[in-house]
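Structure record follows, encoded as structure tokens.
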Amino acid sequence: MEHLVYGPVPSRRLGKSLGVNNIPHKVCSYSCAYCQVGKAVSIQAGRSVFYNPSDIETKVRERLTELKLSEKPDYITIVPDGEPTLDLNLGILIKKLKSTGIPVAVITNSSLLDREDVRMDLMSADYVSVKADTIDYDQWKSINRPYKTLKLEAILTGIRKLSDSFEGKLVTETMLVKHINDQENSLNSLADFLGQIGPDIAYIATPTRPPAFQNIVPADERTLTIAFEIFKRHHLNTELLTGYEGNQFSSTGNFSTDLLSITAVHPMREEAVMELMRKTGASQNDLIQMLVSGSIRKVDFDDHHYYLRAFGKKSNP
């Protein structure tokens, strides 16, 4: 129960985002090769009850009362380290969170959007981001590594149906991985599909944090430029999600608690950890002790050092 709510954290899409973790660690319908929080622990496509929505609402309200006015979030974002639509109580949770007066966003991998109950749950959200990495079956299997019962065509149909009826802000996100889904013909086919959806924004992203699997390489700058131009030619409002979010993570005042909470779902660059350390009055020794105890681990990726929570061990802040 301790990590149901985290942040606010800086979001490239949503400004200051108060994260809600409504799914146990790495329970997902995909085991994406580029996932920032590791390989899936439990892969499933059936919806389940995980946490009591009232308990999550209480945690959110408690966190909101702790924040300074300047730290108030722009969105409460349901973005767990698993797939949020697996939560059978998602619709109830969204409505409870909206009662705070803060807009609610949901970041989904789209895998359950063929289900009418899932789409109905999402109707109460203010902002929904749907994953659309490819419309090619082999690429989908290679990148997203879906649960065995999932069907790509059904998922694509589900995205279309959601876009037809959703009245909030709908965006798509495409993660480009070198030599897998970054070919021009694939990008043209995907852009044609997204053109039928008409999202408010079509985001193009590359992995910016350590991926779950080895040999996953972000698409290069030239490919990103080509992808951007292809999307624009299909009349898509296109933006790149390739920049760093920044270091302005909010703090409760306890360095170890904050670091464990944030890195449970949001790996932090070293400079962000140093800024958090400064804000909380912690020392380098506090960080070293957490590394030695195994509660967090340090990972190198793309010429940067990252800190992630180590879920293999119990950790007490």
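Quick note on naming: the chains in the structure tokens go A, B, ... in the order shown, residues restart at 1 in each chain, and ligands are numbered from 1 in order of appearance.
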
Segment 51-68 of chain A surroundings by only C-alpha atoms, 10 Å radius, close-in-sequence under 2 positions cut, as a ChimeraX atom specification: /A:1-8,18-24,48-49,70-73,76,87-100,250-252

Residue subset to file, keeping C-alpha atoms, as a CSV table (one decimal), in the first residue's frame:
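Wrote it out as result_7.csv, contents follow:
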chain,number,residue,atom,x,y,z
A,1,MET,CA,0.0,0.0,0.0
A,2,GLU,CA,3.0,2.3,0.5
A,3,HIS,CA,3.6,3.3,-3.1
A,4,LEU,CA,0.0,3.8,-4.4
A,5,VAL,CA,0.8,7.5,-5.0
A,6,TYR,CA,4.0,9.1,-6.0
A,7,GLY,CA,5.3,12.5,-7.0
A,8,PRO,CA,4.4,15.0,-8.4
A,18,LEU,CA,0.8,13.2,-9.4
A,19,GLY,CA,1.1,9.5,-10.2
A,20,VAL,CA,-1.3,6.8,-9.1
A,21,ASN,CA,-0.1,3.2,-9.1
A,22,ASN,CA,-3.3,1.1,-9.2
A,23,ILE,CA,-1.7,-2.1,-10.3
A,24,PRO,CA,0.8,-4.4,-8.3
A,48,SER,CA,-9.0,-8.1,-11.7
A,49,VAL,CA,-9.6,-6.2,-8.4
A,70,SER,CA,3.5,25.8,-6.2
A,71,GLU,CA,3.7,22.0,-6.2
A,72,LYS,CA,0.1,21.3,-6.9
A,73,PRO,CA,-0.2,18.9,-9.9
A,76,ILE,CA,-3.5,13.1,-11.4
A,87,ASP,CA,-8.0,-2.8,-12.8
A,88,LEU,CA,-11.6,-3.9,-12.7
A,89,ASN,CA,-12.3,-0.8,-10.6
A,90,LEU,CA,-10.7,1.7,-12.9
A,91,GLY,CA,-13.9,3.5,-13.8
A,92,ILE,CA,-14.8,4.0,-10.1
A,93,LEU,CA,-11.2,5.1,-9.3
A,94,ILE,CA,-11.3,7.8,-12.1
A,95,LYS,CA,-14.5,9.2,-10.7
A,96,LYS,CA,-13.2,9.3,-7.2
A,97,LEU,CA,-10.0,11.1,-8.3
A,98,LYS,CA,-11.9,13.6,-10.3
A,99,SER,CA,-13.8,14.6,-7.2
A,100,THR,CA,-10.5,16.3,-6.0
A,250,SER,CA,8.5,17.2,-5.4
A,251,SER,CA,9.5,16.1,-2.0
A,252,THR,CA,7.8,15.1,1.3

Report as JSON lines: every residue of segment 50-142 of chain A with an atom at most 10 Å from segment 164-177 of chain A, its closest pair of atoms, and their distance in Å to one decimal, counting only C-alpha atoms, with rows sorted by chain and ascending residue number.
{"residue": "A:Ala105", "atom": "CA", "partner": "A:Lys169", "partner_atom": "CA", "distance": 9.1}
{"residue": "A:Val106", "atom": "CA", "partner": "A:Leu170", "partner_atom": "CA", "distance": 10.0}
{"residue": "A:Ile107", "atom": "CA", "partner": "A:Val171", "partner_atom": "CA", "distance": 9.5}
{"residue": "A:Thr108", "atom": "CA", "partner": "A:Thr172", "partner_atom": "CA", "distance": 9.7}
{"residue": "A:Asn109", "atom": "CA", "partner": "A:Glu173", "partner_atom": "CA", "distance": 9.1}
{"residue": "A:Ser110", "atom": "CA", "partner": "A:Thr172", "partner_atom": "CA", "distance": 9.8}
{"residue": "A:Arg119", "atom": "CA", "partner": "A:Phe166", "partner_atom": "CA", "distance": 8.5}
{"residue": "A:Met120", "atom": "CA", "partner": "A:Phe166", "partner_atom": "CA", "distance": 9.1}
{"residue": "A:Leu122", "atom": "CA", "partner": "A:Phe166", "partner_atom": "CA", "distance": 8.0}
{"residue": "A:Met123", "atom": "CA", "partner": "A:Phe166", "partner_atom": "CA", "distance": 5.8}
{"residue": "A:Ser124", "atom": "CA", "partner": "A:Gly168", "partner_atom": "CA", "distance": 8.4}
{"residue": "A:Ala125", "atom": "CA", "partner": "A:Gly168", "partner_atom": "CA", "distance": 6.9}
{"residue": "A:Asp126", "atom": "CA", "partner": "A:Gly168", "partner_atom": "CA", "distance": 4.8}
{"residue": "A:Tyr127", "atom": "CA", "partner": "A:Lys169", "partner_atom": "CA", "distance": 4.6}
{"residue": "A:Val128", "atom": "CA", "partner": "A:Leu170", "partner_atom": "CA", "distance": 5.1}
{"residue": "A:Ser129", "atom": "CA", "partner": "A:Val171", "partner_atom": "CA", "distance": 4.8}
{"residue": "A:Val130", "atom": "CA", "partner": "A:Thr172", "partner_atom": "CA", "distance": 4.9}
{"residue": "A:Lys131", "atom": "CA", "partner": "A:Glu173", "partner_atom": "CA", "distance": 5.0}
{"residue": "A:Ala132", "atom": "CA", "partner": "A:Thr174", "partner_atom": "CA", "distance": 5.2}
{"residue": "A:Asp133", "atom": "CA", "partner": "A:Thr174", "partner_atom": "CA", "distance": 4.4}
{"residue": "A:Thr134", "atom": "CA", "partner": "A:Thr174", "partner_atom": "CA", "distance": 7.5}

Segment 123-303 of chain A: residues DSSP assigns to alpha helix (DSSP H), reported as a PyMOL selection string: chain A and resi 137-144+152-165+184-197+221-233+255-263+270-280+284-293

Computed interatomic separation between atom CA of Gly281 of chain A and atom CA of Asn254 of chain A (Å): 8.7 Å

Straight-line distance linking atom CA of Ile159 of chain A with atom CA of Ile201 of chain A, stated in Å to one decimal: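 Atom CA of Ile201 of chain A lies 14.5 Å from atom CA of Ile159 of chain A.
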
Option closest in space to Val273 of chain A, from A:Ile143, A:Ile288, A:Ile226, A:Leu259 [counting only C-alpha atoms]: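 Between A:Ile143, A:Ile288, A:Ile226, A:Leu259, the residue approaching Val273 of chain A most closely is A:Leu259.
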
Counting only C-alpha atoms, the residue of A:Pro146, A:Pro103, A:Gly82, A:Gly195 that sits nearest His25 of chain A: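 Looking at the shortest contact to His25 of chain A, the residue is A:Gly82.
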
From a DSSP pass on the backbone, collect the residues of segment 3-91 of chain A flagged as strand (DSSP E) and hand them back as an mmCIF file with all heavy atoms, in the first residue's frame.
data_model
loop_
_atom_site.group_PDB
_atom_site.id
_atom_site.type_symbol
_atom_site.label_atom_id
_atom_site.label_comp_id
_atom_site.auth_asym_id
_atom_site.auth_seq_id
_atom_site.Cartn_x
_atom_site.Cartn_y
_atom_site.Cartn_z
ATOM 1 N N VAL A 5 0.697 6.106 -4.450
ATOM 2 C CA VAL A 5 0.757 7.478 -4.958
ATOM 3 C C VAL A 5 2.204 7.950 -4.914
ATOM 4 O O VAL A 5 2.922 7.658 -3.949
ATOM 5 C CB VAL A 5 -0.133 8.419 -4.108
ATOM 6 C CG1 VAL A 5 -0.081 9.844 -4.635
ATOM 7 C CG2 VAL A 5 -1.575 7.914 -4.088
ATOM 8 N N TYR A 6 2.643 8.648 -5.941
ATOM 9 C CA TYR A 6 4.017 9.148 -5.968
ATOM 10 C C TYR A 6 4.073 10.487 -6.695
ATOM 11 O O TYR A 6 3.243 10.800 -7.529
ATOM 12 C CB TYR A 6 4.956 8.138 -6.646
ATOM 13 C CG TYR A 6 4.640 7.858 -8.091
ATOM 14 C CD1 TYR A 6 5.293 8.525 -9.119
ATOM 15 C CD2 TYR A 6 3.674 6.918 -8.430
ATOM 16 C CE1 TYR A 6 4.997 8.271 -10.448
ATOM 17 C CE2 TYR A 6 3.356 6.659 -9.756
ATOM 18 C CZ TYR A 6 4.036 7.336 -10.759
ATOM 19 O OH TYR A 6 3.725 7.088 -12.074
ATOM 20 N N GLY A 7 5.085 11.261 -6.357
ATOM 21 C CA GLY A 7 5.290 12.548 -7.010
ATOM 22 C C GLY A 7 4.672 13.689 -6.226
ATOM 23 O O GLY A 7 4.471 13.581 -5.013
ATOM 24 N N PRO A 8 4.354 14.791 -6.950
ATOM 25 C CA PRO A 8 4.353 14.955 -8.407
ATOM 26 C C PRO A 8 5.734 14.794 -9.049
ATOM 27 O O PRO A 8 6.743 15.117 -8.437
ATOM 28 C CB PRO A 8 3.844 16.382 -8.610
ATOM 29 C CG PRO A 8 3.124 16.718 -7.357
ATOM 30 C CD PRO A 8 3.859 16.006 -6.276
ATOM 31 N N VAL A 9 5.708 14.312 -10.280
ATOM 32 C CA VAL A 9 6.913 14.187 -11.090
ATOM 33 C C VAL A 9 6.733 15.034 -12.348
ATOM 34 O O VAL A 9 5.609 15.266 -12.795
ATOM 35 C CB VAL A 9 7.197 12.722 -11.487
ATOM 36 C CG1 VAL A 9 7.431 11.871 -10.250
ATOM 37 C CG2 VAL A 9 6.059 12.142 -12.315
ATOM 38 N N PRO A 10 7.833 15.514 -12.926
ATOM 39 C CA PRO A 10 7.727 16.270 -14.174
ATOM 40 C C PRO A 10 7.387 15.353 -15.334
ATOM 41 O O PRO A 10 7.991 14.296 -15.501
ATOM 42 C CB PRO A 10 9.131 16.881 -14.334
ATOM 43 C CG PRO A 10 10.027 15.968 -13.577
ATOM 44 C CD PRO A 10 9.215 15.418 -12.449
ATOM 45 N N SER A 11 6.392 15.729 -16.106
ATOM 46 C CA SER A 11 5.950 14.941 -17.249
ATOM 47 C C SER A 11 6.098 15.760 -18.518
ATOM 48 O O SER A 11 5.719 16.940 -18.545
ATOM 49 C CB SER A 11 4.476 14.526 -17.079
ATOM 50 O OG SER A 11 3.940 14.011 -18.281
ATOM 51 N N GLY A 15 2.863 18.258 -17.674
ATOM 52 C CA GLY A 15 3.324 19.238 -16.696
ATOM 53 C C GLY A 15 3.717 18.549 -15.398
ATOM 54 O O GLY A 15 4.535 17.631 -15.393
ATOM 55 N N LYS A 16 3.127 18.980 -14.266
ATOM 56 C CA LYS A 16 3.366 18.310 -12.981
ATOM 57 C C LYS A 16 2.307 17.224 -12.814
ATOM 58 O O LYS A 16 1.107 17.504 -12.806
ATOM 59 C CB LYS A 16 3.311 19.307 -11.823
ATOM 60 C CG LYS A 16 4.494 20.254 -11.772
ATOM 61 C CD LYS A 16 4.570 20.984 -10.439
ATOM 62 C CE LYS A 16 3.440 21.977 -10.269
ATOM 63 N NZ LYS A 16 3.548 23.131 -11.180
ATOM 64 N N SER A 17 2.751 16.004 -12.667
ATOM 65 C CA SER A 17 1.853 14.855 -12.638
ATOM 66 C C SER A 17 1.970 14.116 -11.309
ATOM 67 O O SER A 17 3.059 13.693 -10.913
ATOM 68 C CB SER A 17 2.190 13.906 -13.793
ATOM 69 O OG SER A 17 1.538 12.658 -13.649
ATOM 70 N N LEU A 18 0.829 13.981 -10.609
ATOM 71 C CA LEU A 18 0.783 13.162 -9.404
ATOM 72 C C LEU A 18 0.411 11.746 -9.832
ATOM 73 O O LEU A 18 -0.698 11.495 -10.310
ATOM 74 C CB LEU A 18 -0.247 13.712 -8.413
ATOM 75 C CG LEU A 18 -0.344 12.957 -7.078
ATOM 76 C CD1 LEU A 18 0.942 13.106 -6.279
ATOM 77 C CD2 LEU A 18 -1.533 13.457 -6.261
ATOM 78 N N GLY A 19 1.341 10.828 -9.675
ATOM 79 C CA GLY A 19 1.149 9.480 -10.184
ATOM 80 C C GLY A 19 0.350 8.587 -9.256
ATOM 81 O O GLY A 19 0.504 8.642 -8.030
ATOM 82 N N VAL A 20 -0.501 7.760 -9.848
ATOM 83 C CA VAL A 20 -1.285 6.768 -9.114
ATOM 84 C C VAL A 20 -0.932 5.387 -9.642
ATOM 85 O O VAL A 20 -1.009 5.127 -10.846
ATOM 86 C CB VAL A 20 -2.798 7.025 -9.258
ATOM 87 C CG1 VAL A 20 -3.606 5.848 -8.714
ATOM 88 C CG2 VAL A 20 -3.189 8.309 -8.540
ATOM 89 N N VAL A 27 2.399 -6.175 -13.132
ATOM 90 C CA VAL A 27 1.286 -6.991 -13.622
ATOM 91 C C VAL A 27 0.808 -6.299 -14.887
ATOM 92 O O VAL A 27 0.321 -5.177 -14.853
ATOM 93 C CB VAL A 27 0.142 -7.086 -12.590
ATOM 94 C CG1 VAL A 27 -1.043 -7.826 -13.179
ATOM 95 C CG2 VAL A 27 0.635 -7.778 -11.329
ATOM 96 N N CYS A 28 0.968 -6.956 -16.022
ATOM 97 C CA CYS A 28 0.740 -6.276 -17.294
ATOM 98 C C CYS A 28 0.242 -7.259 -18.345
ATOM 99 O O CYS A 28 0.354 -8.479 -18.194
ATOM 100 C CB CYS A 28 2.031 -5.598 -17.765
ATOM 101 S SG CYS A 28 1.769 -4.293 -19.013
ATOM 102 N N SER A 42 4.004 -10.674 -13.981
ATOM 103 C CA SER A 42 2.812 -11.461 -14.257
ATOM 104 C C SER A 42 2.131 -10.889 -15.489
ATOM 105 O O SER A 42 1.726 -9.729 -15.488
ATOM 106 C CB SER A 42 1.851 -11.423 -13.056
ATOM 107 O OG SER A 42 0.639 -12.084 -13.355
ATOM 108 N N ILE A 43 2.021 -11.680 -16.546
ATOM 109 C CA ILE A 43 1.380 -11.232 -17.776
ATOM 110 C C ILE A 43 -0.015 -11.834 -17.833
ATOM 111 O O ILE A 43 -0.188 -13.046 -17.715
ATOM 112 C CB ILE A 43 2.193 -11.650 -19.024
ATOM 113 C CG1 ILE A 43 3.626 -11.144 -18.925
ATOM 114 C CG2 ILE A 43 1.545 -11.107 -20.294
ATOM 115 C CD1 ILE A 43 4.496 -11.525 -20.111
ATOM 116 N N TYR A 75 -2.165 17.339 -13.327
ATOM 117 C CA TYR A 75 -2.985 16.147 -13.542
ATOM 118 C C TYR A 75 -2.713 15.136 -12.434
ATOM 119 O O TYR A 75 -1.599 15.054 -11.895
ATOM 120 C CB TYR A 75 -2.648 15.455 -14.874
ATOM 121 C CG TYR A 75 -3.277 16.066 -16.096
ATOM 122 C CD1 TYR A 75 -2.620 17.068 -16.809
ATOM 123 C CD2 TYR A 75 -4.516 15.627 -16.556
ATOM 124 C CE1 TYR A 75 -3.192 17.620 -17.948
ATOM 125 C CE2 TYR A 75 -5.088 16.168 -17.693
ATOM 126 C CZ TYR A 75 -4.426 17.167 -18.379
ATOM 127 O OH TYR A 75 -4.996 17.709 -19.504
ATOM 128 N N ILE A 76 -3.731 14.365 -12.108
ATOM 129 C CA ILE A 76 -3.549 13.108 -11.390
ATOM 130 C C ILE A 76 -3.512 12.040 -12.476
ATOM 131 O O ILE A 76 -4.471 11.899 -13.242
ATOM 132 C CB ILE A 76 -4.697 12.839 -10.408
ATOM 133 C CG1 ILE A 76 -4.742 13.918 -9.326
ATOM 134 C CG2 ILE A 76 -4.543 11.457 -9.773
ATOM 135 C CD1 ILE A 76 -5.972 13.830 -8.430
ATOM 136 N N THR A 77 -2.421 11.328 -12.557
ATOM 137 C CA THR A 77 -2.208 10.426 -13.684
ATOM 138 C C THR A 77 -2.153 8.974 -13.233
ATOM 139 O O THR A 77 -1.308 8.598 -12.417
ATOM 140 C CB THR A 77 -0.901 10.776 -14.420
ATOM 141 O OG1 THR A 77 -0.904 12.173 -14.739
ATOM 142 C CG2 THR A 77 -0.783 9.976 -15.702
ATOM 143 N N ILE A 78 -3.062 8.170 -13.764
ATOM 144 C CA ILE A 78 -3.064 6.734 -13.481
ATOM 145 C C ILE A 78 -2.082 6.089 -14.448
ATOM 146 O O ILE A 78 -2.386 5.861 -15.620
ATOM 147 C CB ILE A 78 -4.479 6.148 -13.622
ATOM 148 C CG1 ILE A 78 -5.446 6.879 -12.678
ATOM 149 C CG2 ILE A 78 -4.476 4.649 -13.317
ATOM 150 C CD1 ILE A 78 -6.904 6.481 -12.835
#

9 Å contact set for His234 of chain A, only C-alpha atoms, chain neighbours under 2 positions out, as a list in words: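 The filter keeps Asn188, Ala191, Asp192, Leu194, Gly195, Glu229, Ile230, Phe231, Lys232 and Leu236 of chain A.
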
Interatomic distance, atom CA of Asp121 of chain A to atom CA of Pro84 of chain A (Å, one decimal):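 It comes out at 11.0 Å.
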